[in-house]
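A.B. asks: Can you read through this structure? Questions will come right after.
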Amino acid sequence: MVRYEYYKPGTIPEAIGLMGRFNNEAAYIAGGTDVMVLLRQKKLMPKALISLRNIKELAAFDGYIIGACVTHSQIERDDRIKKRLSALHDAVCNLGSVQIRNVATIGGNVCNAAPSADTACPLLVLDAESLIVGPGAERRVAMDDFFVGPGRTVLAKGEILKGFMMPAFGEATGSAYIKHTRRNAMDLPII
Ligand SMILES: Cc1cc2nc3c(=O)[nH]c(=O)nc-3n(C[C@H](O)[C@H](O)[C@H](O)COP(=O)(O)OP(=O)(O)OC[C@H]3O[C@@H](n4cnc5c(N)ncnc54)[C@H](O)[C@@H]3O)c2cc1C
């Protein structure tokens, strides 16, 4: 069994500092539902794991700002999201199982950059902006520019996705997300 050093920093600068200490060869972990699979398959062999779950800023959630460590279950239960950003609500309601939704985060879903990521389409369609923090500065990147290919994003080594800014829409607007899968049981979308 491979053993990893595990860190649980309380602030973003602390997490970025730790990543620097490991020359960017550690891995950030949020809910771990993607990371743990990769570790088990030995497709990911980081020098250490840096958990983001103790960082309060990443848990911010007021309906307009959605922190990267907000779980799919939190979004599913939120009436503001259900009413104003229904495509995102639809997407998380059908993501994985209850157990997955309870721990997996919206940030992890997006940073993994799988073409099948359920929250990617709603965030793109709803014109969300990502908030990214690096060793030197913070920047905003429109979700339109966030993905650069399958499994690839604009995040530079060591950078942390802090969350998303969601635009305010008028009362008379709405959106929907329909997931097309091969089977009815838990499955990733093909369209
Ligand atoms: C049984 C099962 C079913 C699933 N079903 C679905 C499904 O139906 N739809 C779907 O879209 N996905 C599904 N997934 C995939 C996964 O659950 C989601 O992608 C989930 O949202 C990942 O979030 P996480 O917090 O667990 O990410 P983690 O595994 O913690 O991290 C994923 C990646 O993002 C990086 N990362 C995480 N947070 C940050 C951050 N804030 N800043 C920078 N980097 C970060 C990590 O380093 C890692 O590279 C499933 C997975 C499993 C195991």
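Letters A, B, ... go to the chains of the structure tokens in the order shown; residues in each chain start at 1; ligands are counted from 1 in the same order.
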What's around Met45 (chain A) at 10 Å? Count only C-alpha atoms, leave out sequence neighbours fewer than 5 positions away in its own chain, and write the answer as a list in words.
C.D. replies: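 Here the answer would be Val2, Tyr4, Glu25, Ala26, Ala27, Leu38, Leu39 and Arg40 of chain A.
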A.B. asks: Take the residues from that selection and put them in a file with C-alpha atoms, as a PDB file, in the first residue's frame.
C.D. replies:
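Result file is out01.pdb:
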ATOM      1  CA  VAL A   2       1.284   3.444  -0.887  1.00  0.00           C
ATOM      2  CA  TYR A   4       0.821   9.621   1.565  1.00  0.00           C
ATOM      3  CA  GLU A  25       4.160  17.602  -7.021  1.00  0.00           C
ATOM      4  CA  ALA A  26       1.517  17.237  -4.307  1.00  0.00           C
ATOM      5  CA  ALA A  27      -2.204  16.982  -5.157  1.00  0.00           C
ATOM      6  CA  LEU A  38      -6.756   7.747  -9.517  1.00  0.00           C
ATOM      7  CA  LEU A  39      -4.586   6.996  -6.452  1.00  0.00           C
ATOM      8  CA  ARG A  40      -5.924   3.460  -6.243  1.00  0.00           C
TER       9      ARG A  40
END
A.B. asks: Which residues sit within 6 Å of ligand 1, counting only C-alpha atoms and all ligand atoms, listed as a list of chain:residue names?
C.D. replies: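 After applying the 6 Å limit, what remains is A:Ala27, A:Tyr28, A:Ile29, A:Ala30, A:Gly31, A:Gly32, A:Thr33, A:Asp34, A:Val35, A:Ala68, A:Leu95, A:Gly96, A:Ile100, A:Ala104, A:Thr105, A:Ile106, A:Gly107, A:Gly108, A:Asn109, A:Cys111, A:Asn112, A:Ser116, A:Ala117, A:Asp118, A:Ile160, A:Leu161, A:Lys162, A:Asp187, A:Leu188.
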A.B. asks: Per DSSP on the backbone, filter chain A down to the residues in alpha helix (DSSP H) and report them as a count of residues only.
C.D. replies: 58
A.B. asks: Which residue gives the smallest distance to His89 (chain A) among A:Ala176, A:Leu124, A:Ala137, A:Cys69, with only C-alpha atoms counted?
C.D. replies: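 Selected residue with least distance to His89 (chain A): A:Ala176.
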A.B. asks: Can you tell me which residues surround Glu129 (chain A) at a distance of at most 7 Å, considering only C-alpha atoms, apart from same-chain residues fewer than 6 positions away, and format the answer as a list of chain:residue names?
C.D. replies: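 Returned residues: A:Arg140, A:Val141, A:Ala142, A:Met143, A:Phe164, A:Met165, A:Met166.
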A.B. asks: Could you give me, as a list in words, the residues within 9 Å of Gly151 (chain A), counting only C-alpha atoms and dropping anything in the same chain fewer than 2 positions from it?
C.D. replies: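 Contacts, in chain order: Cys111, Asn112, Ala113, Ala114, Pro115, Phe147, Val148, Gly149 and Thr153 of chain A.
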A.B. asks: Include N, CA and C atoms and write out the residues we just selected as a short mmCIF file (atom, residue, chain, number, x, y, z; two decimals), in the first residue's frame.
C.D. replies:
data_model
loop_
_atom_site.label_atom_id
_atom_site.label_comp_id
_atom_site.auth_asym_id
_atom_site.auth_seq_id
_atom_site.Cartn_x
_atom_site.Cartn_y
_atom_site.Cartn_z
N CYS A 111 -12.53 21.07 -11.95
CA CYS A 111 -11.06 20.98 -12.09
C CYS A 111 -10.65 19.67 -12.74
N ASN A 112 -11.44 18.64 -12.54
CA ASN A 112 -11.14 17.35 -13.17
C ASN A 112 -11.26 17.46 -14.69
N ALA A 113 -12.11 18.38 -15.13
CA ALA A 113 -12.29 18.70 -16.56
C ALA A 113 -12.62 17.49 -17.43
N ALA A 114 -13.40 16.56 -16.86
CA ALA A 114 -13.88 15.45 -17.69
C ALA A 114 -14.93 16.00 -18.64
N PRO A 115 -14.90 15.60 -19.91
CA PRO A 115 -15.93 16.11 -20.83
C PRO A 115 -17.34 15.75 -20.38
N PHE A 147 -11.89 25.76 -19.75
CA PHE A 147 -11.47 24.42 -20.21
C PHE A 147 -10.63 24.57 -21.47
N VAL A 148 -9.47 23.91 -21.49
CA VAL A 148 -8.64 24.01 -22.69
C VAL A 148 -8.53 22.67 -23.42
N GLY A 149 -9.20 21.66 -22.91
CA GLY A 149 -9.21 20.34 -23.55
C GLY A 149 -9.67 19.31 -22.55
N THR A 153 -7.38 22.40 -17.91
CA THR A 153 -7.99 23.70 -17.63
C THR A 153 -6.91 24.79 -17.66
#
A.B. asks: Can you pull out every residue within 12 Å of Phe22 (chain A), counting only C-alpha atoms, but drop anything in the same chain fewer than 5 positions away, and send it as a VMD selection string?
C.D. replies: chain A and resid 5 7 15 to 17 27 to 28 46 to 50 157 to 158
A.B. asks: So which one's closest to Asp127 (chain A), A:Val154, A:Val92, A:Leu85, A:Val70? Using only C-alpha atoms, please.
C.D. replies: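 With only C-alpha atoms as the atom set, the closest residue is A:Leu85.
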A.B. asks: Determine, counting only C-alpha atoms, which protein, DNA and RNA residues have an atom within 12 Å of an atom of Ala87 (chain A); residues of the same chain fewer than 2 positions away are not included. Present the result as a short mmCIF file (atom, residue, chain, number, x, y, z; two decimals) with N, CA and C atoms, in the first residue's frame.
C.D. replies:
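Final file, selection01.cif:
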data_model
loop_
_atom_site.label_atom_id
_atom_site.label_comp_id
_atom_site.auth_asym_id
_atom_site.auth_seq_id
_atom_site.Cartn_x
_atom_site.Cartn_y
_atom_site.Cartn_z
N ILE A 75 -25.87 22.22 -3.07
CA ILE A 75 -26.50 22.93 -4.20
C ILE A 75 -27.90 22.36 -4.44
N GLU A 76 -28.00 21.04 -4.33
CA GLU A 76 -29.29 20.36 -4.56
C GLU A 76 -30.36 20.87 -3.59
N ILE A 81 -30.78 28.41 -5.70
CA ILE A 81 -30.22 27.82 -6.92
C ILE A 81 -31.34 27.16 -7.72
N LYS A 82 -32.23 26.48 -7.02
CA LYS A 82 -33.34 25.80 -7.69
C LYS A 82 -34.18 26.81 -8.48
N LYS A 83 -34.39 27.98 -7.90
CA LYS A 83 -35.25 28.98 -8.52
C LYS A 83 -34.51 29.75 -9.62
N ARG A 84 -33.29 30.23 -9.31
CA ARG A 84 -32.61 31.16 -10.22
C ARG A 84 -31.72 30.47 -11.24
N LEU A 85 -31.12 29.35 -10.83
CA LEU A 85 -30.11 28.70 -11.69
C LEU A 85 -30.52 27.23 -11.87
N HIS A 89 -29.09 23.30 -10.85
CA HIS A 89 -29.82 22.45 -9.89
C HIS A 89 -30.16 21.10 -10.52
N ASP A 90 -30.68 21.14 -11.76
CA ASP A 90 -31.01 19.88 -12.46
C ASP A 90 -29.76 18.98 -12.53
N ALA A 91 -28.63 19.60 -12.84
CA ALA A 91 -27.40 18.83 -13.07
C ALA A 91 -26.94 18.10 -11.81
N VAL A 92 -26.95 18.81 -10.67
CA VAL A 92 -26.44 18.17 -9.45
C VAL A 92 -27.41 17.11 -8.92
N CYS A 93 -28.70 17.28 -9.19
CA CYS A 93 -29.69 16.30 -8.67
C CYS A 93 -29.46 14.91 -9.26
N ASN A 94 -28.87 14.86 -10.45
CA ASN A 94 -28.67 13.56 -11.10
C ASN A 94 -27.20 13.16 -11.16
N ASP A 118 -20.94 16.84 -15.10
CA ASP A 118 -22.32 17.33 -15.15
C ASP A 118 -22.45 18.83 -14.90
N THR A 119 -21.59 19.41 -14.08
CA THR A 119 -21.79 20.84 -13.77
C THR A 119 -21.16 21.76 -14.81
N ALA A 120 -20.35 21.19 -15.72
CA ALA A 120 -19.65 22.04 -16.69
C ALA A 120 -20.63 22.77 -17.62
N CYS A 121 -21.58 22.03 -18.19
CA CYS A 121 -22.53 22.66 -19.13
C CYS A 121 -23.33 23.79 -18.49
N PRO A 122 -23.96 23.53 -17.32
CA PRO A 122 -24.71 24.62 -16.71
C PRO A 122 -23.84 25.85 -16.41
N LEU A 123 -22.62 25.63 -15.91
CA LEU A 123 -21.76 26.78 -15.59
C LEU A 123 -21.42 27.56 -16.86
N LEU A 124 -21.22 26.85 -17.97
CA LEU A 124 -20.93 27.52 -19.25
C LEU A 124 -22.16 28.30 -19.73
N VAL A 125 -23.30 27.62 -19.74
CA VAL A 125 -24.52 28.22 -20.27
C VAL A 125 -24.98 29.41 -19.41
N LEU A 126 -24.76 29.30 -18.11
CA LEU A 126 -25.21 30.37 -17.21
C LEU A 126 -24.20 31.51 -17.09
N ASP A 127 -23.15 31.47 -17.94
CA ASP A 127 -22.15 32.55 -17.97
C ASP A 127 -21.44 32.76 -16.63
N THR A 173 -36.60 34.66 -16.24
CA THR A 173 -35.68 33.79 -17.00
C THR A 173 -35.63 32.40 -16.36
N GLY A 174 -35.29 31.43 -17.17
CA GLY A 174 -35.19 30.07 -16.64
C GLY A 174 -34.20 29.26 -17.45
N SER A 175 -33.83 28.10 -16.95
CA SER A 175 -32.89 27.24 -17.68
C SER A 175 -33.14 25.80 -17.25
N ALA A 176 -32.66 24.87 -18.04
CA ALA A 176 -32.85 23.46 -17.68
C ALA A 176 -31.66 22.65 -18.19
N TYR A 177 -31.39 21.54 -17.54
CA TYR A 177 -30.31 20.64 -17.95
C TYR A 177 -30.90 19.23 -18.06
N ILE A 178 -30.76 18.62 -19.21
CA ILE A 178 -31.25 17.25 -19.39
C ILE A 178 -30.05 16.36 -19.68
N LYS A 179 -29.88 15.33 -18.85
CA LYS A 179 -28.71 14.46 -18.97
C LYS A 179 -29.09 13.22 -19.76
#
A.B. asks: Hey, which of A:Pro9, A:Phe169, A:Arg3, A:Arg21 ends up closest to Arg80 (chain A)? Count only C-alpha atoms.
C.D. replies: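 Ranked by minimum distance to Arg80 (chain A), first place goes to A:Phe169.
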A.B. asks: Could you pull out the strand (DSSP E) residues of region 20-157 of chain A, going by DSSP on the backbone, and write them as an NGL selection string?
C.D. replies: :A and (27-29 or 48-51 or 65-67 or 129-133 or 138-142 or 147-149 or 152-153)
A.B. asks: Got time to write the residues from that selection, N, CA and C atoms, as a tab-separated table (two decimals), in the first residue's frame?
C.D. replies:
chain	number	residue	atom	x	y	z
A	27	ALA	N	-0.89	16.86	-4.49
A	27	ALA	CA	-2.20	16.98	-5.16
A	27	ALA	C	-3.20	17.60	-4.19
A	28	TYR	N	-3.97	18.56	-4.70
A	28	TYR	CA	-5.09	19.07	-3.90
A	28	TYR	C	-6.18	18.01	-3.92
A	29	ILE	N	-6.88	17.90	-2.79
A	29	ILE	CA	-8.00	16.97	-2.72
A	29	ILE	C	-9.17	17.67	-2.03
A	48	ALA	N	2.34	14.30	-1.82
A	48	ALA	CA	1.50	14.50	-0.62
A	48	ALA	C	0.10	14.87	-1.07
A	49	LEU	N	-0.84	14.76	-0.14
A	49	LEU	CA	-2.21	15.19	-0.42
A	49	LEU	C	-2.51	16.43	0.42
A	50	ILE	N	-3.05	17.44	-0.24
A	50	ILE	CA	-3.38	18.69	0.47
A	50	ILE	C	-4.90	18.86	0.42
A	51	SER	N	-5.54	18.63	1.54
A	51	SER	CA	-7.00	18.73	1.58
A	51	SER	C	-7.43	20.20	1.59
A	65	ILE	N	-22.24	33.69	-5.16
A	65	ILE	CA	-20.89	33.12	-5.09
A	65	ILE	C	-21.05	31.67	-4.64
A	66	ILE	N	-20.45	30.76	-5.40
A	66	ILE	CA	-20.48	29.35	-5.00
A	66	ILE	C	-19.03	28.92	-4.82
A	67	GLY	N	-18.64	28.66	-3.58
A	67	GLY	CA	-17.26	28.25	-3.30
A	67	GLY	C	-16.95	26.91	-3.93
A	129	GLU	N	-18.37	32.86	-13.91
A	129	GLU	CA	-16.94	33.20	-13.96
A	129	GLU	C	-16.24	32.42	-12.85
A	130	SER	N	-15.06	31.90	-13.15
A	130	SER	CA	-14.31	31.20	-12.11
A	130	SER	C	-13.38	32.19	-11.41
A	131	LEU	N	-13.16	31.95	-10.12
A	131	LEU	CA	-12.23	32.77	-9.34
A	131	LEU	C	-11.03	31.88	-9.02
A	132	ILE	N	-9.86	32.32	-9.45
A	132	ILE	CA	-8.66	31.48	-9.33
A	132	ILE	C	-7.61	32.22	-8.48
A	133	VAL	N	-7.02	31.49	-7.54
A	133	VAL	CA	-5.98	32.09	-6.70
A	133	VAL	C	-4.66	31.36	-6.91
A	138	GLU	N	-4.87	36.89	-7.58
A	138	GLU	CA	-6.18	36.28	-7.83
A	138	GLU	C	-6.65	36.74	-9.20
A	139	ARG	N	-7.29	35.88	-9.97
A	139	ARG	CA	-7.82	36.31	-11.26
A	139	ARG	C	-9.19	35.69	-11.48
A	140	ARG	N	-9.91	36.32	-12.43
A	140	ARG	CA	-11.22	35.81	-12.81
A	140	ARG	C	-11.15	35.33	-14.23
A	141	VAL	N	-11.69	34.17	-14.50
A	141	VAL	CA	-11.69	33.64	-15.87
A	141	VAL	C	-13.11	33.19	-16.21
A	142	ALA	N	-13.64	33.68	-17.30
A	142	ALA	CA	-14.98	33.25	-17.73
A	142	ALA	C	-14.95	31.74	-17.97
A	147	PHE	N	-11.89	25.76	-19.75
A	147	PHE	CA	-11.47	24.42	-20.21
A	147	PHE	C	-10.63	24.57	-21.47
A	148	VAL	N	-9.47	23.91	-21.49
A	148	VAL	CA	-8.64	24.01	-22.69
A	148	VAL	C	-8.53	22.67	-23.42
A	149	GLY	N	-9.20	21.66	-22.91
A	149	GLY	CA	-9.21	20.34	-23.55
A	149	GLY	C	-9.67	19.31	-22.55
A	152	ARG	N	-8.06	19.14	-19.13
A	152	ARG	CA	-7.14	20.29	-19.03
A	152	ARG	C	-7.91	21.59	-18.81
A	153	THR	N	-7.38	22.40	-17.91
A	153	THR	CA	-7.99	23.70	-17.63
A	153	THR	C	-6.91	24.79	-17.66
A.B. asks: Using only C-alpha atoms, pick whichever of A:Gly136, A:Gly163, A:Pro189, A:Pro13 has the shortest atom-to-atom distance to Ala59 (chain A).
C.D. replies: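 So, comparing all the options, the nearest one is A:Gly163.
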